[in-house]
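Participant: This one is model_1.txt, compact mmCIF, C-alpha atoms (C1' of nucleotides).
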```
# COMPACT_ATOMS: atom_id res chain seq x y z
CA MET A 1 -62.93 17.15 17.16
CA ALA A 2 -64.11 16.21 13.69
CA ASN A 3 -65.24 12.90 12.34
CA TYR A 4 -62.62 11.88 9.76
CA SER A 5 -65.19 10.48 7.36
CA SER A 6 -63.71 7.63 5.39
CA SER A 7 -66.14 7.93 2.52
CA ASP A 8 -64.01 9.53 -0.17
CA SER A 9 -60.72 8.28 1.09
CA SER A 10 -61.05 4.88 -0.53
CA ALA A 11 -58.80 6.06 -3.34
CA LEU A 12 -55.98 6.55 -0.85
CA ASN A 13 -56.84 3.22 0.72
CA ARG A 14 -56.46 1.48 -2.60
CA ALA A 15 -53.28 3.31 -3.52
CA PHE A 16 -51.45 2.64 -0.27
CA HIS A 17 -52.77 -0.88 -0.10
CA ALA A 18 -51.27 -1.46 -3.52
CA LEU A 19 -47.88 -0.34 -2.23
CA GLY A 20 -48.05 -2.71 0.72
CA ASP A 21 -46.81 -5.71 -1.21
CA ALA A 22 -43.32 -6.51 -2.43
CA THR A 23 -44.44 -8.01 -5.71
CA ARG A 24 -46.44 -4.93 -6.55
CA ARG A 25 -43.61 -2.60 -5.57
CA GLY A 26 -41.35 -4.70 -7.78
CA VAL A 27 -43.68 -4.12 -10.68
CA LEU A 28 -43.48 -0.39 -10.12
CA ALA A 29 -39.70 -0.67 -10.12
CA GLN A 30 -39.81 -2.34 -13.50
CA LEU A 31 -42.27 0.14 -14.88
CA ALA A 32 -40.10 3.01 -13.76
CA LEU A 33 -37.77 1.87 -16.52
CA GLY A 34 -40.52 2.14 -19.08
CA GLU A 35 -43.70 0.58 -20.40
CA ALA A 36 -43.85 -3.21 -20.43
CA PRO A 37 -46.24 -6.00 -21.35
CA VAL A 38 -47.81 -8.19 -18.69
CA SER A 39 -45.74 -11.27 -19.53
CA LYS A 40 -42.48 -9.41 -19.19
CA LEU A 41 -43.57 -7.90 -15.88
CA ALA A 42 -44.60 -11.29 -14.58
CA GLU A 43 -41.37 -12.99 -15.62
CA PRO A 44 -39.31 -12.36 -12.44
CA TYR A 45 -41.99 -13.77 -10.18
CA ASP A 46 -42.53 -17.35 -9.22
CA MET A 47 -46.30 -17.31 -9.24
CA ALA A 48 -49.13 -18.32 -11.53
CA LEU A 49 -50.18 -15.77 -14.11
CA PRO A 50 -53.70 -15.27 -12.73
CA THR A 51 -52.20 -14.47 -9.38
CA PHE A 52 -49.94 -11.92 -10.98
CA LEU A 53 -52.83 -10.42 -12.90
CA GLN A 54 -54.58 -9.85 -9.61
CA HIS A 55 -51.62 -7.82 -8.42
CA LEU A 56 -51.79 -5.76 -11.57
CA LYS A 57 -55.47 -5.14 -10.97
CA VAL A 58 -54.70 -3.93 -7.48
CA LEU A 59 -52.11 -1.55 -8.90
CA GLU A 60 -54.59 -0.25 -11.45
CA ALA A 61 -57.31 0.07 -8.84
CA GLY A 62 -54.89 2.20 -6.87
CA GLY A 63 -54.25 4.35 -9.92
CA LEU A 64 -50.55 3.58 -9.82
CA VAL A 65 -50.52 1.78 -13.14
CA SER A 66 -52.52 2.16 -16.30
CA SER A 67 -52.66 -0.17 -19.26
CA ARG A 68 -53.95 -0.50 -22.78
CA LYS A 69 -54.27 -3.41 -25.10
CA LYS A 70 -52.16 -3.57 -28.20
CA GLY A 71 -53.32 -6.63 -30.07
CA ARG A 72 -53.22 -9.56 -27.67
CA VAL A 73 -50.62 -7.84 -25.54
CA ARG A 74 -51.41 -5.55 -22.62
CA LEU A 75 -48.94 -2.74 -22.16
CA CYS A 76 -48.61 -1.30 -18.67
CA ARG A 77 -47.19 2.00 -17.63
CA LEU A 78 -46.42 3.77 -14.41
CA GLU A 79 -48.75 6.56 -13.34
CA ALA A 80 -46.13 8.89 -11.95
CA ALA A 81 -48.73 11.55 -11.22
CA ARG A 82 -50.37 9.25 -8.73
CA LEU A 83 -47.07 8.56 -7.02
CA ALA A 84 -46.58 12.30 -6.76
CA GLU A 85 -49.96 12.63 -5.09
CA LEU A 86 -49.10 10.04 -2.50
CA LYS A 87 -45.77 11.71 -1.93
CA ASN A 88 -47.55 14.98 -1.32
CA TRP A 89 -50.00 13.36 1.04
CA ILE A 90 -47.14 12.07 3.13
CA THR A 91 -45.23 15.33 3.00
CA GLN A 92 -48.22 17.14 4.39
CA TYR A 93 -48.08 15.32 7.72
CA GLU A 94 -44.37 14.97 7.83
CA GLN A 95 -44.04 18.72 7.56
CA ALA A 96 -46.92 19.55 9.87
CA TRP A 97 -45.01 17.62 12.46
CA SER A 98 -41.68 19.23 11.72
CA ALA A 99 -43.23 22.67 11.78
CA ARG A 100 -44.58 22.09 15.25
CA LEU A 101 -42.94 23.78 18.13
CA ASP A 102 -42.58 20.36 19.66
CA ARG A 103 -38.90 20.92 19.34
CA LEU A 104 -39.21 22.31 22.82
CA ASP A 105 -41.16 19.31 24.05
CA ASP A 106 -38.53 17.09 22.51
CA PHE A 107 -35.83 18.85 24.46
CA LEU A 108 -37.76 18.62 27.70
CA ASN A 109 -38.57 14.97 27.21
CA GLU A 110 -35.01 14.12 26.33
CA ASN A 111 -33.89 15.67 29.60
CA ASP A 112 -36.74 14.43 31.75
CA PRO A 113 -35.37 12.57 34.77
CA ASN A 114 -38.58 10.49 34.85
CA LYS A 115 -38.17 9.24 31.29
CA ASP A 116 -37.71 5.48 30.85
CA THR A 117 -36.57 5.34 27.23
CA MET B 1 -33.64 -9.81 -14.87
CA ALA B 2 -33.21 -10.01 -11.12
CA ASN B 3 -35.34 -11.71 -8.55
CA TYR B 4 -36.80 -8.90 -6.43
CA SER B 5 -36.34 -10.77 -3.17
CA SER B 6 -39.11 -9.87 -0.77
CA SER B 7 -37.19 -10.95 2.33
CA ASP B 8 -36.10 -7.63 3.80
CA SER B 9 -38.92 -5.60 2.38
CA SER B 10 -41.40 -6.53 5.08
CA ALA B 11 -40.72 -3.21 6.77
CA LEU B 12 -42.05 -1.40 3.73
CA ASN B 13 -44.95 -3.82 3.60
CA ARG B 14 -45.91 -2.96 7.13
CA ALA B 15 -45.46 0.76 6.67
CA PHE B 16 -47.53 1.04 3.50
CA HIS B 17 -50.10 -1.36 4.82
CA ALA B 18 -50.50 0.89 7.84
CA LEU B 19 -51.26 3.81 5.53
CA GLY B 20 -53.90 1.86 3.67
CA ASP B 21 -56.65 2.56 6.18
CA ALA B 22 -58.57 5.78 6.78
CA THR B 23 -58.68 5.38 10.54
CA ARG B 24 -54.94 4.99 10.72
CA ARG B 25 -54.33 7.93 8.42
CA GLY B 26 -56.63 9.94 10.65
CA VAL B 27 -54.49 9.06 13.62
CA LEU B 28 -51.43 10.32 11.79
CA ALA B 29 -53.28 13.55 11.06
CA GLN B 30 -53.95 14.01 14.74
CA LEU B 31 -50.41 13.16 15.70
CA ALA B 32 -49.07 15.67 13.23
CA LEU B 33 -50.45 18.26 15.64
CA GLY B 34 -48.47 16.80 18.49
CA GLU B 35 -48.18 13.94 20.92
CA ALA B 36 -51.43 12.50 22.24
CA PRO B 37 -52.67 9.76 24.58
CA VAL B 38 -54.51 6.74 23.23
CA SER B 39 -57.89 7.79 24.58
CA LYS B 40 -57.73 11.17 22.90
CA LEU B 41 -56.67 9.61 19.62
CA ALA B 42 -59.50 7.11 19.82
CA GLU B 43 -62.13 9.72 20.60
CA PRO B 44 -63.18 10.66 17.04
CA TYR B 45 -63.78 7.06 16.05
CA ASP B 46 -66.89 5.06 16.53
CA MET B 47 -65.26 1.77 17.37
CA ALA B 48 -64.43 -0.27 20.44
CA LEU B 49 -61.17 0.56 22.15
CA PRO B 50 -59.53 -2.82 21.51
CA THR B 51 -60.21 -2.38 17.84
CA PHE B 52 -58.60 1.02 17.91
CA LEU B 53 -55.61 -0.36 19.78
CA GLN B 54 -55.10 -2.81 16.97
CA HIS B 55 -54.85 0.06 14.55
CA LEU B 56 -52.26 1.69 16.75
CA LYS B 57 -50.29 -1.54 16.80
CA VAL B 58 -50.34 -1.62 13.03
CA LEU B 59 -49.02 1.93 12.96
CA GLU B 60 -46.27 1.07 15.40
CA ALA B 61 -45.41 -2.10 13.49
CA GLY B 62 -45.00 0.10 10.44
CA GLY B 63 -42.70 2.41 12.36
CA LEU B 64 -44.98 5.38 11.73
CA VAL B 65 -45.85 5.90 15.36
CA SER B 66 -43.96 5.35 18.58
CA SER B 67 -45.28 5.42 22.10
CA ARG B 68 -44.25 5.38 25.71
CA LYS B 69 -46.13 4.89 28.91
CA LYS B 70 -46.47 7.75 31.32
CA GLY B 71 -48.27 6.35 34.33
CA ARG B 72 -51.37 4.59 33.10
CA VAL B 73 -51.45 6.73 29.98
CA ARG B 74 -49.78 5.82 26.73
CA LEU B 75 -48.47 8.79 24.81
CA CYS B 76 -48.11 8.38 21.06
CA ARG B 77 -46.07 10.42 18.67
CA LEU B 78 -45.57 10.60 14.96
CA GLU B 79 -42.36 9.15 13.55
CA ALA B 80 -41.74 11.77 10.92
CA ALA B 81 -38.47 10.15 9.93
CA ARG B 82 -40.34 7.10 8.78
CA LEU B 83 -42.72 9.18 6.73
CA ALA B 84 -39.71 10.78 5.12
CA GLU B 85 -38.34 7.36 4.21
CA LEU B 86 -41.57 6.37 2.53
CA LYS B 87 -41.64 9.67 0.72
CA ASN B 88 -38.14 9.01 -0.56
CA TRP B 89 -39.04 5.51 -1.64
CA ILE B 90 -41.85 6.89 -3.75
CA THR B 91 -39.77 9.72 -5.13
CA GLN B 92 -37.20 7.25 -6.37
CA TYR B 93 -39.59 5.63 -8.82
CA GLU B 94 -41.51 8.73 -9.63
CA GLN B 95 -38.29 10.39 -10.71
CA ALA B 96 -36.83 7.36 -12.46
CA TRP B 97 -39.93 7.49 -14.59
CA SER B 98 -39.76 11.21 -15.20
CA ALA B 99 -36.11 10.98 -16.06
CA ARG B 100 -36.80 8.44 -18.76
CA LEU B 101 -36.63 9.47 -22.33
CA ASP B 102 -40.15 8.10 -22.62
CA ARG B 103 -41.15 11.61 -23.38
CA LEU B 104 -40.53 10.56 -26.95
CA ASP B 105 -42.61 7.42 -26.57
CA ASP B 106 -45.33 9.51 -25.05
CA PHE B 107 -45.36 11.74 -28.07
CA LEU B 108 -45.42 8.82 -30.46
CA ASN B 109 -48.19 7.06 -28.56
CA GLU B 110 -50.28 10.19 -28.33
CA ASN B 111 -50.10 10.52 -32.09
CA ASP B 112 -50.41 6.86 -32.91
CA PRO B 113 -53.26 6.36 -35.40
CA ASN B 114 -53.76 2.83 -33.95
CA LYS B 115 -54.39 4.05 -30.43
CA ASP B 116 -57.89 3.46 -29.01
CA THR B 117 -57.79 5.71 -25.95
C1' DG C 1 -58.05 -22.93 -40.58
C1' DA C 2 -54.91 -25.01 -37.13
C1' DG C 3 -51.91 -24.26 -33.65
C1' DA C 4 -49.47 -21.32 -30.71
C1' DT C 5 -49.37 -17.24 -27.77
C1' DA C 6 -51.11 -13.66 -24.42
C1' DG C 7 -54.12 -12.82 -21.39
C1' DA C 8 -58.87 -13.23 -18.88
C1' DT C 9 -62.39 -15.50 -16.03
C1' DA C 10 -64.36 -18.71 -12.67
C1' DG C 11 -64.14 -20.98 -8.69
C1' DC C 12 -61.68 -23.03 -4.78
C1' DT C 13 -58.67 -22.56 -0.46
C1' DG C 14 -55.98 -21.06 3.68
C1' DT C 15 -54.51 -17.06 6.19
C1' DA C 16 -54.76 -12.25 7.49
C1' DT C 17 -57.48 -8.31 8.84
C1' DG C 18 -60.81 -5.68 11.24
C1' DG C 19 -64.49 -5.74 14.14
C1' DC C 20 -66.72 -7.17 18.67
C1' DT C 21 -67.40 -8.56 23.93
C1' DA C 22 -65.73 -10.03 28.23
C1' DA C 23 -62.46 -10.16 31.57
C1' DC C 24 -57.97 -8.60 33.41
C1' DT C 25 -53.92 -5.35 35.00
C1' DA C 26 -52.04 -1.27 36.43
C1' DT C 27 -52.49 3.63 38.04
C1' DT C 28 -54.62 7.35 40.20
C1' DC C 29 -58.06 9.49 43.13
C1' DT C 30 -60.81 9.91 47.54
C1' DA D 1 -58.58 0.35 50.97
C1' DG D 2 -62.05 0.89 47.38
C1' DA D 3 -63.62 2.92 43.23
C1' DA D 4 -62.61 4.92 38.97
C1' DT D 5 -59.66 5.42 34.94
C1' DA D 6 -56.69 3.90 31.01
C1' DG D 7 -55.16 0.36 28.70
C1' DT D 8 -54.45 -4.67 27.65
C1' DT D 9 -55.29 -9.49 26.63
C1' DA D 10 -58.01 -13.39 25.03
C1' DG D 11 -61.03 -15.30 22.10
C1' DC D 12 -64.75 -15.22 18.66
C1' DC D 13 -66.59 -14.06 13.94
C1' DA D 14 -67.12 -12.33 9.05
C1' DT D 15 -64.93 -10.64 5.20
C1' DA D 16 -60.95 -9.60 2.32
C1' DC D 17 -56.68 -11.14 0.22
C1' DA D 18 -53.24 -13.90 -2.12
C1' DG D 19 -52.47 -18.02 -3.98
C1' DC D 20 -53.79 -22.04 -7.05
C1' DT D 21 -55.91 -24.94 -11.23
C1' DA D 22 -58.78 -25.37 -15.01
C1' DT D 23 -60.97 -23.39 -18.69
C1' DC D 24 -62.03 -19.82 -22.08
C1' DT D 25 -61.31 -15.81 -25.51
C1' DA D 26 -58.79 -13.24 -28.58
C1' DT D 27 -54.97 -12.57 -31.70
C1' DC D 28 -51.00 -13.79 -34.34
C1' DT D 29 -48.37 -17.04 -37.32
C1' DC D 30 -48.15 -20.71 -40.67
```
In structure tokens, how does this file's structure come out?
Facilitator:
Amino acid sequence: MANYSSSDSSALNRAFHALGDATRRGVLAQLALGEAPVSKLAEPYDMALPTFLQHLKVLEAGGLVSSRKKGRVRLCRLEAARLAELKNWITQYEQAWSARLDRLDDFLNENDPNKDT
Amino acid sequence: MANYSSSDSSALNRAFHALGDATRRGVLAQLALGEAPVSKLAEPYDMALPTFLQHLKVLEAGGLVSSRKKGRVRLCRLEAARLAELKNWITQYEQAWSARLDRLDDFLNENDPNKDT
DNA sequence: GAGATAGATAGCTGTATGGCTAACTATTCT
DNA sequence: AGAATAGTTAGCCATACAGCTATCTATCTC
């Protein structure tokens, strides 16, 4: 069985890691409604600005958010394409599983007198 | 604007966090092919068993994998339903974004003489 | 140009995460 | 019963992460 090299998968690491935090998911929720400046994004959260900026950096590192400076304001936007990629990644395994003929195994396990579940 | 309470979102935290590691994603890839015992799942990885078990725990904590003991062997299986949930979570924002009338904004930004991208 | 505003950077801290070894439990095999 | 197999638990260590304050830069507004 192969080696599952983790060399080029760091992009996925960063993307999923970015999603693993409620604050960051909240930011995505806001951005789904449209572009927004940092200060407006930070508003709902009870944390210091530098802390919030770190979260934004994590989101950008994961490719989920991009931003550009407009004067002294930084405008952020959702990278929907990246979300789509992650969605597809998930779908791949979800469907591989569903496509399996484990339906039969399922049936057998469900009716196995030795089962303890 | 609301508060984005992070109280009940810890399930999503755990699930996405579980996906943020190449080893754990590799395990999902294996499980997509069908149920497998711990030792077989651990085989491709160059790490001590206890370390690998931790990864499995993270996957279970995230609801992505379930397991049951069959004698001294622990059989693991993919929780495709959970993957589907995550997929749906992502889709929600991806589509909210796409549905936006930001298409117009996009056009304006693309043709903005002040842009620096 | 002075002051306010928006964000960025540096540096510190506690906790979580990922890795290990050593030692232990529970099954199965002979 | 005794040895081998498959996990499990406990405990240690280094690094990464999320939070903070204090300070600094850049850009508007008067």
Participant: Find the residues of chain B in contact range of chain A, meaning any atom within 6 Å when counting only C-alpha atoms, and list them as a PDB file with C-alpha atoms, keeping the file's coordinate frame.
Facilitator:
```pdb
ATOM      1  CA  ASN B   3     -35.340 -11.710  -8.550  1.00  0.00           C
ATOM      2  CA  SER B   6     -39.110  -9.870  -0.770  1.00  0.00           C
ATOM      3  CA  ASN B  13     -44.950  -3.820   3.600  1.00  0.00           C
ATOM      4  CA  PHE B  16     -47.530   1.040   3.500  1.00  0.00           C
ATOM      5  CA  HIS B  17     -50.100  -1.360   4.820  1.00  0.00           C
ATOM      6  CA  LEU B  19     -51.260   3.810   5.530  1.00  0.00           C
ATOM      7  CA  GLY B  20     -53.900   1.860   3.670  1.00  0.00           C
ATOM      8  CA  ASP B  21     -56.650   2.560   6.180  1.00  0.00           C
ATOM      9  CA  ALA B  22     -58.570   5.780   6.780  1.00  0.00           C
ATOM     10  CA  ALA B  32     -49.070  15.670  13.230  1.00  0.00           C
ATOM     11  CA  PRO B  44     -63.180  10.660  17.040  1.00  0.00           C
ATOM     12  CA  ALA B  80     -41.740  11.770  10.920  1.00  0.00           C
ATOM     13  CA  LYS B  87     -41.640   9.670   0.720  1.00  0.00           C
ATOM     14  CA  TYR B  93     -39.590   5.630  -8.820  1.00  0.00           C
ATOM     15  CA  GLU B  94     -41.510   8.730  -9.630  1.00  0.00           C
ATOM     16  CA  ALA B  96     -36.830   7.360 -12.460  1.00  0.00           C
ATOM     17  CA  TRP B  97     -39.930   7.490 -14.590  1.00  0.00           C
TER      18      TRP B  97
END
```
Participant: Could you give me, as a tab-separated table, every chain D residue with an atom at most 10 Å from chain A, plus its closest atom pair and distance in Å to one decimal, counting only C-alpha atoms (C1' of nucleotides), rows ordered by chain then number?
Facilitator:
```
residue	atom	partner	partner_atom	distance
D:DA18	C1'	A:Thr51	CA	7.4
D:DG19	C1'	A:Thr51	CA	6.5
D:DC20	C1'	A:Ala48	CA	7.5
D:DT21	C1'	A:Ala48	CA	9.5
D:DA26	C1'	A:Arg72	CA	6.7
D:DT27	C1'	A:Arg72	CA	5.3
D:DC28	C1'	A:Arg72	CA	8.2
```
Participant: Compare C:DT15, C:DT27, C:DT21, C:DT9 by their minimum atom-to-atom distance to chain B, counting only C-alpha atoms (C1' of nucleotides), and give me the closest one.
Facilitator: C:DT27
Participant: Please find the residues of chain C near chain B - the criterion being any atom within 12 Å, counting all atoms listed in the file - and write them as a VMD selection string.
Facilitator: chain C and resid 17 to 22 25 to 28
Participant: Hey, can you pull every residue with an atom no more than 9 Å from (-48.7, -16.4, -36.2), using all atoms listed in the file, and send it as a ChimeraX atom specification?
Facilitator: /C:3-5 /D:27-30
